[in-house]
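A.B. asks: What follows is entry-v1.txt, made up of compact mmCIF, C-alpha atoms:
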# COMPACT_ATOMS: atom_id res chain seq x y z
CA LEU I 147 -76.37 -24.67 -54.75
CA ALA I 148 -77.26 -28.04 -53.24
CA VAL I 149 -75.03 -27.25 -50.33
CA SER I 150 -76.59 -23.81 -49.93
CA ALA I 151 -80.05 -25.34 -50.01
CA PHE I 152 -79.33 -27.19 -46.80
CA GLY I 153 -78.18 -24.00 -45.13
CA VAL I 154 -74.49 -24.80 -45.23
CA ASN I 155 -71.99 -22.21 -46.40
CA PRO I 156 -69.62 -23.88 -48.88
CA HIS I 157 -66.78 -21.68 -47.55
CA SER I 158 -67.48 -22.55 -43.94
CA THR I 159 -64.53 -23.75 -41.87
CA ALA I 160 -66.69 -26.70 -40.82
CA LEU I 161 -66.01 -28.31 -44.21
CA LYS I 162 -62.27 -27.76 -44.08
CA LYS I 163 -60.05 -30.72 -43.28
CA PRO I 164 -58.83 -30.25 -39.76
CA THR I 165 -55.09 -29.73 -39.47
CA LYS I 166 -53.10 -31.78 -37.02
CA SER I 167 -51.55 -29.51 -34.45
CA VAL I 168 -48.07 -30.31 -33.21
CA PRO I 169 -47.61 -30.01 -29.47
CA VAL I 170 -45.55 -26.98 -28.61
CA ALA I 171 -43.04 -29.05 -26.70
CA PHE I 172 -42.05 -30.93 -29.87
CA ARG I 173 -41.60 -27.95 -32.15
CA LYS I 174 -37.94 -27.38 -32.81
CA ASP I 175 -38.42 -23.63 -33.15
CA SER I 176 -40.69 -23.30 -30.15
CA SER I 177 -39.85 -20.87 -27.41
CA VAL I 178 -41.10 -23.44 -24.93
CA VAL I 179 -38.35 -26.06 -25.11
CA GLU I 180 -39.37 -29.21 -23.30
CA SER I 181 -38.44 -31.93 -25.78
CA ARG I 182 -35.14 -33.67 -25.03
CA LEU I 183 -34.74 -34.35 -28.75
CA PHE I 184 -34.98 -30.77 -29.95
CA ARG I 185 -33.40 -28.87 -27.10
CA ASP I 186 -31.98 -25.65 -28.47
CA PRO I 187 -28.49 -24.97 -27.06
CA THR I 188 -29.09 -21.21 -27.41
CA LYS I 189 -32.14 -21.47 -25.13
CA VAL I 190 -31.46 -24.47 -22.92
CA ARG I 191 -28.14 -25.02 -21.14
CA GLY I 192 -26.40 -28.10 -22.51
CA GLY I 193 -28.26 -28.41 -25.80
CA ALA I 194 -29.27 -31.97 -26.56
CA VAL I 195 -26.98 -33.41 -23.85
CA PRO I 196 -28.02 -32.31 -20.37
CA GLY I 197 -25.01 -31.10 -18.39
CA TRP I 198 -22.66 -30.91 -21.37
CA ALA I 199 -22.38 -27.10 -21.26
CA ALA I 200 -21.71 -27.25 -17.51
CA TYR I 201 -19.01 -29.86 -18.10
CA ASN I 202 -17.41 -27.63 -20.75
CA ASP I 203 -17.52 -24.70 -18.36
CA ALA I 204 -15.73 -26.82 -15.78
CA LEU I 205 -13.11 -27.81 -18.36
CA ASP I 206 -12.48 -24.14 -19.12
CA LYS I 207 -12.39 -22.98 -15.50
CA SER I 208 -10.71 -25.95 -13.78
CA PRO I 209 -9.32 -28.24 -16.49
CA LEU I 210 -6.95 -30.22 -14.27
CA THR I 211 -9.52 -31.00 -11.58
CA THR I 212 -12.26 -31.73 -14.10
CA LYS I 213 -10.10 -34.16 -16.05
CA ALA I 214 -8.95 -35.84 -12.84
CA LEU I 215 -12.58 -36.37 -11.82
CA THR I 216 -13.41 -37.60 -15.33
CA SER I 217 -10.71 -40.25 -15.06
CA LEU I 218 -11.83 -41.16 -11.55
CA VAL I 219 -15.26 -41.99 -12.95
CA GLY I 220 -13.79 -43.89 -15.90
CA TRP I 221 -11.53 -46.05 -13.75
CA ALA I 222 -14.21 -46.59 -11.12
CA LEU I 223 -16.70 -47.81 -13.73
CA GLY I 224 -14.09 -50.02 -15.34
CA ASP I 225 -13.34 -51.81 -12.08
CA VAL I 226 -17.00 -52.09 -11.05
CA LEU I 227 -17.86 -53.76 -14.36
CA THR I 228 -14.85 -56.05 -14.06
CA GLN I 229 -15.77 -57.17 -10.57
CA ILE I 230 -19.40 -57.72 -11.48
CA PHE I 231 -19.06 -59.45 -14.84
CA LEU I 232 -15.52 -60.79 -15.24
CA THR I 233 -13.99 -61.63 -11.87
CA PRO I 234 -16.68 -61.66 -9.17
CA ALA I 235 -14.91 -62.15 -5.85
CA ALA I 236 -16.01 -65.02 -3.64
CA GLY I 237 -15.94 -62.72 -0.64
CA GLY I 238 -18.02 -60.03 -2.31
CA PHE I 239 -17.10 -56.69 -3.82
CA ASP I 240 -13.43 -55.80 -3.30
CA VAL I 241 -13.67 -52.27 -1.95
CA LYS I 242 -9.91 -51.82 -1.55
CA ARG I 243 -9.28 -52.67 -5.18
CA PHE I 244 -12.10 -50.36 -6.28
CA ILE I 245 -10.69 -47.43 -4.29
CA THR I 246 -7.13 -48.17 -5.41
CA LEU I 247 -7.98 -48.08 -9.12
CA SER I 248 -10.35 -45.13 -8.80
CA LEU I 249 -7.65 -43.12 -7.05
CA PHE I 250 -5.18 -44.00 -9.77
CA GLY I 251 -7.53 -42.46 -12.30
CA PHE I 252 -7.88 -39.34 -10.17
CA LEU I 253 -4.27 -38.95 -9.05
CA TYR I 254 -2.37 -39.98 -12.18
CA HIS I 255 -4.41 -40.79 -15.29
CA GLY I 256 -6.38 -37.54 -15.39
CA PRO I 257 -3.59 -35.11 -14.44
CA SER I 258 -0.91 -36.81 -16.54
CA GLY I 259 -3.29 -37.00 -19.51
CA HIS I 260 -4.06 -33.31 -19.15
CA TYR I 261 -0.42 -32.27 -19.34
CA PHE I 262 0.67 -34.93 -21.85
CA TYR I 263 -1.99 -34.28 -24.49
CA ASN I 264 -1.67 -30.51 -24.15
CA TRP I 265 2.09 -30.88 -24.66
CA LEU I 266 1.70 -33.33 -27.56
CA ASP I 267 -0.75 -31.07 -29.39
CA ARG I 268 1.64 -28.15 -29.02
CA LYS I 269 4.64 -30.13 -30.28
CA ILE I 270 2.81 -31.78 -33.17
CA GLU I 271 0.25 -29.36 -34.52
CA GLY I 272 -2.60 -30.12 -36.87
CA SER I 273 -4.91 -33.03 -37.60
CA ASP I 274 -3.76 -34.07 -41.06
CA GLY I 275 -2.72 -37.64 -41.72
CA LYS I 276 0.97 -37.10 -40.97
CA ALA I 277 0.32 -35.28 -37.69
CA VAL I 278 -2.17 -37.91 -36.54
CA ALA I 279 0.24 -40.74 -37.38
CA MET I 280 3.08 -39.04 -35.48
CA LYS I 281 0.90 -38.46 -32.42
CA VAL I 282 -0.36 -42.04 -32.39
CA ALA I 283 3.18 -43.38 -32.76
CA PHE I 284 4.55 -41.23 -29.95
CA ASP I 285 1.63 -42.08 -27.69
CA GLN I 286 2.00 -45.82 -28.14
CA ILE I 287 5.79 -46.16 -28.41
CA VAL I 288 6.84 -43.67 -25.74
CA TRP I 289 3.90 -42.79 -23.54
CA CYS I 290 2.30 -46.24 -23.26
CA PRO I 291 5.34 -47.98 -21.63
CA ILE I 292 5.78 -45.05 -19.23
CA PHE I 293 2.12 -45.12 -18.27
CA MET I 294 2.08 -48.89 -17.75
CA SER I 295 5.25 -48.76 -15.64
CA VAL I 296 3.71 -46.09 -13.41
CA PHE I 297 0.54 -48.19 -13.15
CA PHE I 298 2.40 -51.29 -11.96
CA THR I 299 4.56 -49.22 -9.60
CA TYR I 300 1.50 -47.59 -8.06
CA LEU I 301 -0.21 -50.93 -7.50
CA GLY I 302 2.94 -52.38 -5.98
CA LEU I 303 3.38 -49.49 -3.57
CA VAL I 304 -0.26 -49.65 -2.50
CA ASN I 305 0.11 -53.39 -1.83
CA GLY I 306 3.34 -52.86 0.12
CA ASP I 307 5.54 -54.70 -2.39
CA SER I 308 9.29 -54.20 -2.41
CA PHE I 309 10.92 -52.31 -5.25
CA SER I 310 12.50 -55.53 -6.46
CA ALA I 311 9.06 -57.17 -6.62
CA ILE I 312 7.69 -54.15 -8.47
CA GLY I 313 10.59 -54.28 -10.91
CA GLN I 314 9.94 -57.97 -11.51
CA LYS I 315 6.25 -57.27 -12.13
CA ILE I 316 7.14 -54.64 -14.70
CA GLN I 317 9.63 -56.94 -16.34
CA ASN I 318 7.10 -59.78 -16.55
CA ASP I 319 3.96 -57.87 -17.55
CA LEU I 320 4.98 -54.64 -19.28
CA LEU I 321 5.23 -56.13 -22.75
CA SER I 322 1.88 -57.93 -22.52
CA ALA I 323 0.23 -54.75 -21.23
CA CYS I 324 1.67 -52.72 -24.12
CA GLN I 325 0.65 -55.39 -26.62
CA GLY I 326 -2.90 -55.20 -25.28
CA SER I 327 -2.77 -51.44 -25.73
CA TRP I 328 -1.45 -51.72 -29.29
CA LYS I 329 -4.46 -53.83 -30.27
CA VAL I 330 -6.91 -51.13 -29.22
CA TRP I 331 -5.47 -47.65 -28.88
CA PRO I 332 -3.87 -46.88 -32.27
CA ILE I 333 -7.31 -46.91 -33.91
CA VAL I 334 -8.93 -45.09 -30.99
CA HIS I 335 -6.25 -42.40 -30.98
CA ALA I 336 -6.41 -42.01 -34.75
CA VAL I 337 -10.02 -40.92 -34.22
CA ASN I 338 -9.04 -38.97 -31.11
CA PHE I 339 -6.27 -36.92 -32.74
CA LYS I 340 -8.21 -36.44 -35.97
CA PHE I 341 -11.62 -35.36 -34.71
CA ILE I 342 -11.51 -34.60 -30.96
CA SER I 343 -10.43 -31.25 -29.55
CA THR I 344 -7.57 -31.12 -27.05
CA LYS I 345 -9.73 -30.32 -24.05
CA HIS I 346 -12.12 -33.19 -24.82
CA ARG I 347 -9.45 -35.85 -25.36
CA LEU I 348 -9.68 -37.31 -21.86
CA VAL I 349 -13.46 -37.61 -21.76
CA PHE I 350 -13.32 -39.40 -25.11
CA ILE I 351 -10.47 -41.63 -23.92
CA ASN I 352 -12.29 -42.47 -20.69
CA GLY I 353 -15.38 -43.45 -22.63
CA VAL I 354 -13.33 -46.05 -24.50
CA GLN I 355 -11.06 -46.82 -21.60
CA ILE I 356 -13.83 -48.16 -19.39
CA ALA I 357 -13.51 -51.38 -21.39
CA PHE I 358 -9.70 -51.21 -21.50
CA ASN I 359 -9.56 -50.60 -17.75
CA MET I 360 -11.34 -53.92 -17.32
CA PHE I 361 -8.33 -55.48 -19.03
CA LEU I 362 -5.93 -53.55 -16.77
CA SER I 363 -7.92 -54.61 -13.72
CA LEU I 364 -7.40 -58.23 -14.74
CA ILE I 365 -3.63 -57.98 -15.29
CA GLY I 366 -3.10 -55.64 -12.33
Write out the structure in this file as structure tokens.
C.D. replies:
Amino acid sequence: LAVSAFGVNPHSTALKKPTKSVPVAFRKDSSVVESRLFRDPTKVRGGAVPGWAAYNDALDKSPLTTKALTSLVGWALGDVLTQIFLTPAAGGFDVKRFITLSLFGFLYHGPSGHYFYNWLDRKIEGSDGKAVAMKVAFDQIVWCPIFMSVFFTYLGLVNGDSFSAIGQKIQNDLLSACQGSWKVWPIVHAVNFKFISTKHRLVFINGVQIAFNMFLSLIG
């Protein structure tokens, strides 16, 4: 009654506690999807990771080329970071070395990884503990020495070394290169073979390998 006496309707919306409106862009179920955090993959290409759907499309349509380009980026970044932070050259950025290692990623690492991991997943099916252990063992015992030998051979040929010099390089450095790999990659590949799909193996590997490529840049 006291409220009515002052001419105020007790049911008036003026007395209601105002509700805090959420901007449309931040509503997860909004048809206007502008928030990077709540991007809906059914409405916005790529979901929460811009470009991810396009990358997957490229993997489906041109897997070999896409993986080769993925490795090019991984090896290029690895060498750039090495030259900037670990072994800055007195004469400035070593463009030849950068191109040499980037091309190795494009010409060999990406294509060979594409065929090798597809083959390995066909030969050893599944992601149970036994299958993962077998894949990791084969990768590190068989594939790793082959890969490292090709790496040293490639570098030697680019530098104009003789085959005897290349053979000596492999003899001297192959074991240390494999030992460096065995400290890192068994754990990485356990995750890789357990949780990562076949077509995404190389992008996952390149994400980790940027750091490992810094090590290869040093010994190469």
A.B. asks: Write out as an MDAnalysis selection string the residues lying within 10 Å of I:Gly313, counting only C-alpha atoms and excluding same-chain residues fewer than 4 positions away.
C.D. replies: chainID I and resid 295 298:299 302 307:309 317:318
A.B. asks: Would you mind listing what lies within 10 Å of I:Ala279 as a list in words, with all atoms listed in the file counted and same-chain residues fewer than 3 positions away left out?
C.D. replies: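 Within the cut-off, the hits are Ser273, Asp274, Gly275, Lys276, Val282, Ala283, Phe284, Asp285, Pro332, His335, Ala336, Phe339 and Lys340 of chain I.
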A.B. asks: Record the distance separating atom CA of I:Gln286 and atom CA of I:Phe358, expressed in Å with one decimal.
C.D. replies: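 Atom CA of I:Phe358 lies at a distance of 14.5 Å from atom CA of I:Gln286.
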A.B. asks: At what distance in Å, to one decimal, does atom CA of I:Val219 lie from atom CA of I:Phe250?
C.D. replies: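 So the answer is 10.8 Å.
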A.B. asks: Could you tell me which of I:Thr212, I:Lys345, I:Ile316, I:Phe262 comes closest to I:Leu301 if we count all atoms listed in the file?
C.D. replies: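 Of I:Thr212, I:Lys345, I:Ile316, I:Phe262, the one nearest I:Leu301 is I:Ile316, counting all atoms listed in the file.
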A.B. asks: Have a look at atom CA of I:Ser258 and atom CA of I:Ile287 and let me know their distance in Å, one decimal.
C.D. replies: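 Interatomic distance here is 16.5 Å.
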A.B. asks: Which residue, I:Thr344, I:Asp206, I:Asn352, I:Gly238, has the smallest gap to I:Leu266 when you use only C-alpha atoms?
C.D. replies: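 So, comparing all the options, the nearest one is I:Thr344.
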A.B. asks: Write out as number ranges by chain the residues lying within 9 Å of I:Ile356, counting only C-alpha atoms and excluding same-chain residues fewer than 3 positions away.
C.D. replies: I: 220-225, 227, 351-353, 359-360
A.B. asks: Report as an NGL selection string all protein, DNA and RNA residues lying within 9 Å of I:Gly259, evaluated on all atoms listed in the file, omitting residues in the same chain fewer than 5 positions from it.
C.D. replies: :I and (213-214 or 254 or 264 or 347-348)
A.B. asks: Extract, using all atoms listed in the file, all DNA, RNA and protein residues at most 8 Å from I:Pro257, discarding same-chain residues fewer than 4 positions from it, and format them as JSON, numbers by chain.
C.D. replies: {"I": [210, 211, 213, 214, 252, 253, 261]}
A.B. asks: Taking (-20.7, -56.1, -6.3) as a centre in this file's frame and 8 Å as the limit, can you find every polymer residue with an atom that close, using only C-alpha atoms, and give them as a ChimeraX atom specification?
C.D. replies: /I:226,229-230,234,238-240
A.B. asks: Out of I:Val241, I:Val337, I:Val296, I:Cys290, which residue has the shortest atom-to-atom distance to I:Ser322 when counting only C-alpha atoms?
C.D. replies: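 Ranking I:Val241, I:Val337, I:Val296, I:Cys290 by distance to I:Ser322, first place goes to I:Cys290.
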